[in-house]
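Asks: Here it is, the structure, as structure tokens.
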Amino acid sequence: MKRKLEGQVAIVTGASSGIGAGVAKALAGEGASVVINYSSSAEKAEKVKEEIQSAGGTATIIKADVSKEEDVLAMFQETFKQFGTIDILINNAGLQKDNKFHEMSLEEWNRVIGINLTGQFLCAREAIKEFLRRGVVPERSRAAGKIICMSSVHEVIPWAGHANYAASKGGVMMLMKSIAQEYAPMKIRVNSIGPGAIRTPINHAAWQTPQAYKQLLKLIPQKRIGEAEDIGSAAVWLASDDSDYVNGITLFVDGGMLLYPGFEDNG
Ligand code: BGC
């Protein structure tokens with residue numbers, strides 16, 4: 001059977017760990033050549049690359065801070081040099097800098113908005129320029145290009161103590177929908193994935209001890225934490241022609257976190 005992303009080129013931002021690493025491996029497993037982008041952990045990026053290659057996949061590593069325009073431009077140029085074009089952008093790089101709102105520094109605010117929202121703008125803009133230049137290549141995909149924005153359940157669930165993060169994800173939602181509407185006529189598809197609690201370094205404190213994990217499960221009707229693979233398979237679907245008529249949605253992959261779990265035995 002033909003693999004779902006055979007011959008396609010994907011950039012995955014923030015792919016050295018967590019959800020990004022899981023998505024990079026999943027896309028490579030379906031035949032995509034993957035750019036593993038990272039900004040600080042070169043060794044971890046190398047490990048992801050080795051895993052992909054030892055499974056028979058194709059991957060390269062490109063360093064870039066997605067909040068910096070010159071880094072993003074250089075990353076796309078390097079991608080074109082190595083692989084010729086791009087078919088799939090996974091706008092994944094993201095971080096948290098949590099604080100009580102009245103104590104939040106402008107630095108904490110700007111850093112989170114810079115990576116989580118401006119970074120997605122910069123990468124999406126460069127990807128769309130290339131999709132428009134190249135157009136559809138029918139042997140590879142029915143779309144001229146696909147963008148998947150990593151959002152969060154917090155694009156809709158308010159989050160005390162994380163106003164910068166929740167604001168960035170709310171912003172990602174409208175960025176995603178606006179560009180989906182703008183470029184759908186050109187056969188470019190733009191969607192988001194909204195993960196719930198996934199076992200990654202970003203939320204280590206929430207699952208690390210049995211007590212914290214028990215507390216976390218109160219928020220998850222399916223009573224298990226998500227794994228990076230859960231997001232990887234959603235990303236493969238959204239990137240492939242199996243979802244060709246899907247545009248401008250957030251696919252929540254959250255074990256039911258959005259189902260008002262507080263009402264399970266209450267109300
Ligand atoms: C956050 C995690 C959190 C999850 C569910 C994610 O977007 O990055 O820290 O566990 O949402 O609240």
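We label chains A, B, ... in the order they appear in the structure tokens, count residues from 1 in each chain, and number ligands from 1 in the order shown.
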If you count only C-alpha atoms and all ligand atoms, which residues end up within 9 Å of ligand 1, as a PyMOL selection string?
Replies: chain A and resi 94-96+150-155+157+159+165-166+169+194-207+216+219+254+257
Asks: Please indicate the distance in Å from CA of Asn110 (chain A) to CA of Arg125 (chain A), rounded to one decimal place.
Replies: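 Going from CA of Asn110 (chain A) over to CA of Arg125 (chain A), I get 20.2 Å.
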Asks: Among region 3-213 of chain A, which residues carry a DSSP assignment of helix (DSSP H, G or I), reported as an mmCIF file with C-alpha atoms, in the first residue's frame?
Replies:
```cif
data_model
loop_
_atom_site.group_PDB
_atom_site.id
_atom_site.type_symbol
_atom_site.label_atom_id
_atom_site.label_comp_id
_atom_site.auth_asym_id
_atom_site.auth_seq_id
_atom_site.Cartn_x
_atom_site.Cartn_y
_atom_site.Cartn_z
ATOM 1 C CA GLY A 18 7.483 16.283 23.028
ATOM 2 C CA ILE A 19 4.634 16.556 20.549
ATOM 3 C CA GLY A 20 6.915 17.852 17.773
ATOM 4 C CA ALA A 21 9.184 14.824 17.999
ATOM 5 C CA GLY A 22 6.166 12.494 17.943
ATOM 6 C CA VAL A 23 4.708 14.234 14.906
ATOM 7 C CA ALA A 24 8.051 14.234 13.048
ATOM 8 C CA LYS A 25 8.363 10.450 13.533
ATOM 9 C CA ALA A 26 4.774 9.824 12.476
ATOM 10 C CA LEU A 27 5.110 11.871 9.266
ATOM 11 C CA ALA A 28 8.429 10.200 8.404
ATOM 12 C CA GLY A 29 6.779 6.799 8.976
ATOM 13 C CA ALA A 42 20.784 20.016 19.391
ATOM 14 C CA GLU A 43 21.417 16.627 21.014
ATOM 15 C CA LYS A 44 17.733 15.832 21.333
ATOM 16 C CA ALA A 45 17.168 16.833 17.704
ATOM 17 C CA GLU A 46 19.982 14.464 16.727
ATOM 18 C CA LYS A 47 18.275 11.623 18.626
ATOM 19 C CA VAL A 48 14.984 12.215 16.786
ATOM 20 C CA LYS A 49 16.861 12.203 13.474
ATOM 21 C CA GLU A 50 18.633 8.950 14.323
ATOM 22 C CA GLU A 51 15.336 7.301 15.284
ATOM 23 C CA ILE A 52 13.748 8.354 12.007
ATOM 24 C CA GLN A 53 16.717 7.210 9.953
ATOM 25 C CA SER A 54 17.054 3.866 11.683
ATOM 26 C CA GLU A 69 12.188 36.509 11.031
ATOM 27 C CA GLU A 70 15.761 36.038 9.746
ATOM 28 C CA ASP A 71 15.948 32.547 11.309
ATOM 29 C CA VAL A 72 12.648 31.504 9.724
ATOM 30 C CA LEU A 73 13.655 32.796 6.278
ATOM 31 C CA ALA A 74 16.976 30.959 6.540
ATOM 32 C CA MET A 75 15.227 27.726 7.613
ATOM 33 C CA PHE A 76 12.946 27.810 4.568
ATOM 34 C CA GLN A 77 15.866 28.591 2.225
ATOM 35 C CA GLU A 78 17.841 25.672 3.656
ATOM 36 C CA THR A 79 14.805 23.385 3.285
ATOM 37 C CA PHE A 80 14.444 24.377 -0.380
ATOM 38 C CA LYS A 81 18.166 23.785 -0.908
ATOM 39 C CA GLN A 82 18.000 20.283 0.545
ATOM 40 C CA PHE A 83 14.556 19.114 -0.591
ATOM 41 C CA PHE A 101 -1.278 37.642 35.874
ATOM 42 C CA HIS A 102 -0.532 40.613 38.153
ATOM 43 C CA GLU A 103 3.049 39.422 38.474
ATOM 44 C CA LEU A 106 6.429 41.857 29.817
ATOM 45 C CA GLU A 107 9.285 39.489 29.000
ATOM 46 C CA GLU A 108 7.147 36.453 29.963
ATOM 47 C CA TRP A 109 4.270 37.806 27.907
ATOM 48 C CA ASN A 110 6.389 38.663 24.859
ATOM 49 C CA ARG A 111 8.331 35.407 24.809
ATOM 50 C CA VAL A 112 5.179 33.262 24.802
ATOM 51 C CA ILE A 113 3.406 35.389 22.192
ATOM 52 C CA GLY A 114 6.651 35.570 20.177
ATOM 53 C CA ILE A 115 7.154 31.813 19.899
ATOM 54 C CA ASN A 116 3.577 30.518 20.068
ATOM 55 C CA LEU A 117 1.836 33.097 17.874
ATOM 56 C CA THR A 118 4.313 35.261 15.935
ATOM 57 C CA GLY A 119 6.376 32.146 15.214
ATOM 58 C CA GLN A 120 3.329 30.502 13.642
ATOM 59 C CA PHE A 121 2.671 33.635 11.566
ATOM 60 C CA LEU A 122 6.239 33.786 10.245
ATOM 61 C CA CYS A 123 6.429 30.092 9.327
ATOM 62 C CA ALA A 124 2.930 30.006 7.797
ATOM 63 C CA ARG A 125 3.708 33.046 5.657
ATOM 64 C CA GLU A 126 6.833 31.469 4.171
ATOM 65 C CA ALA A 127 5.069 28.136 3.598
ATOM 66 C CA ILE A 128 2.148 29.808 1.844
ATOM 67 C CA LYS A 129 4.476 31.777 -0.452
ATOM 68 C CA GLU A 130 5.989 28.484 -1.604
ATOM 69 C CA PHE A 131 2.592 26.720 -1.925
ATOM 70 C CA LEU A 132 1.363 29.584 -4.141
ATOM 71 C CA ARG A 133 4.528 29.568 -6.260
ATOM 72 C CA ARG A 134 4.448 25.802 -6.835
ATOM 73 C CA VAL A 153 -7.626 22.926 24.466
ATOM 74 C CA HIS A 154 -6.688 26.336 25.880
ATOM 75 C CA GLU A 155 -7.742 28.028 22.669
ATOM 76 C CA ALA A 163 -2.928 34.163 30.533
ATOM 77 C CA ASN A 164 -0.048 34.590 28.075
ATOM 78 C CA TYR A 165 -0.287 30.964 26.922
ATOM 79 C CA ALA A 166 -4.097 30.934 26.625
ATOM 80 C CA ALA A 167 -4.026 34.259 24.748
ATOM 81 C CA SER A 168 -1.430 32.861 22.325
ATOM 82 C CA LYS A 169 -3.566 29.794 21.595
ATOM 83 C CA GLY A 170 -6.752 31.852 21.200
ATOM 84 C CA GLY A 171 -4.730 33.901 18.714
ATOM 85 C CA VAL A 172 -3.600 30.760 16.892
ATOM 86 C CA MET A 173 -7.254 29.789 16.429
ATOM 87 C CA MET A 174 -8.144 32.998 14.569
ATOM 88 C CA LEU A 175 -4.850 33.048 12.670
ATOM 89 C CA MET A 176 -5.546 29.507 11.478
ATOM 90 C CA LYS A 177 -9.172 30.203 10.499
ATOM 91 C CA SER A 178 -8.383 33.489 8.753
ATOM 92 C CA ILE A 179 -5.656 32.025 6.575
ATOM 93 C CA ALA A 180 -7.720 28.891 5.929
ATOM 94 C CA GLN A 181 -10.452 31.149 4.529
ATOM 95 C CA GLU A 182 -7.974 33.303 2.573
ATOM 96 C CA TYR A 183 -6.194 30.444 0.791
ATOM 97 C CA ALA A 184 -8.812 27.699 0.451
ATOM 98 C CA PRO A 185 -9.515 28.863 -3.139
ATOM 99 C CA MET A 186 -5.850 28.167 -3.922
ATOM 100 C CA PRO A 201 8.266 18.028 29.133
ATOM 101 C CA ILE A 202 5.960 21.093 28.965
ATOM 102 C CA ASN A 203 3.583 19.708 31.610
ATOM 103 C CA HIS A 204 5.989 17.452 33.495
ATOM 104 C CA ALA A 205 4.733 18.703 36.868
ATOM 105 C CA ALA A 206 1.182 17.598 36.022
ATOM 106 C CA TRP A 207 1.996 13.880 35.604
ATOM 107 C CA PRO A 210 1.151 9.782 41.436
ATOM 108 C CA GLN A 211 -0.680 12.546 43.324
ATOM 109 C CA ALA A 212 -0.331 15.037 40.477
ATOM 110 C CA TYR A 213 -1.396 12.381 37.953
#
```
Asks: Can you list every residue of region 41-106 of chain A that has an atom at most 12 Å from region 225-244 of chain A, with its nearest atom pair and the distance in Å to one decimal, using only C-alpha atoms, ordered by chain then number, as a Markdown table?
Replies:
```
| residue | atom | partner | partner_atom | distance |
| --- | --- | --- | --- | --- |
| A:Asp87 | CA | A:Ala239 | CA | 8.9 |
| A:Ile88 | CA | A:Ala239 | CA | 6.7 |
| A:Leu89 | CA | A:Ala239 | CA | 8.8 |
| A:Ile90 | CA | A:Ala235 | CA | 8.3 |
| A:Asn91 | CA | A:Ala235 | CA | 11.0 |
| A:Asn92 | CA | A:Ala235 | CA | 10.8 |
```
Asks: Here is a test: counting only C-alpha atoms, which residue of A:Thr250, A:Ser16, A:Thr85, A:Thr58 is nearest to Cys149 (chain A)?
Replies: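 Smallest distance to Cys149 (chain A) is found for A:Thr250.
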Asks: Write out as a PyMOL selection string the set of residues from region 60-102 of chain A that DSSP, computed on the backbone, places in strand (DSSP E).
Replies: chain A and resi 60-63+88-91
Asks: Could you check the closest approach to Pro138 (chain A) for each of A:Gly31, A:Gly57, A:Pro158, A:Gly7 and tell me which residue wins, using only C-alpha atoms?
Replies: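 Answer, going by the shortest atom-to-atom distance: A:Gly7.
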Asks: One decimal, in Å: what's the spacing between CA of Ala64 (chain A) and CA of Leu5 (chain A)?
Replies: 24.5 Å
Asks: What separation in Å, quoted to one decimal, exists between CA of Lys97 (chain A) and CA of Ser67 (chain A)?
Replies: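 If I compute the distance from CA of Lys97 (chain A) to CA of Ser67 (chain A), I get 15.2 Å.
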Asks: So which one's closest to Val137 (chain A), A:Gln8, A:Leu251, A:Ile36, A:Lys2? Using only C-alpha atoms, please.
Replies: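 Among A:Gln8, A:Leu251, A:Ile36, A:Lys2, it is A:Gln8 that comes nearest to Val137 (chain A).
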Asks: So which one's closest to Gly256 (chain A), A:Ile220, A:Ala93, A:Ala144, A:Val66? Using only C-alpha atoms, please.
Replies: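 Smallest separation from Gly256 (chain A) among the options: A:Ile220.
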Asks: Rank A:Pro221, A:Ser141, A:Val253, A:Ile11 by their smallest atom-to-atom distance to Asp265 (chain A), using only C-alpha atoms, and report the top residue only.
Replies: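 Closest residue, counting only C-alpha atoms: A:Pro221.
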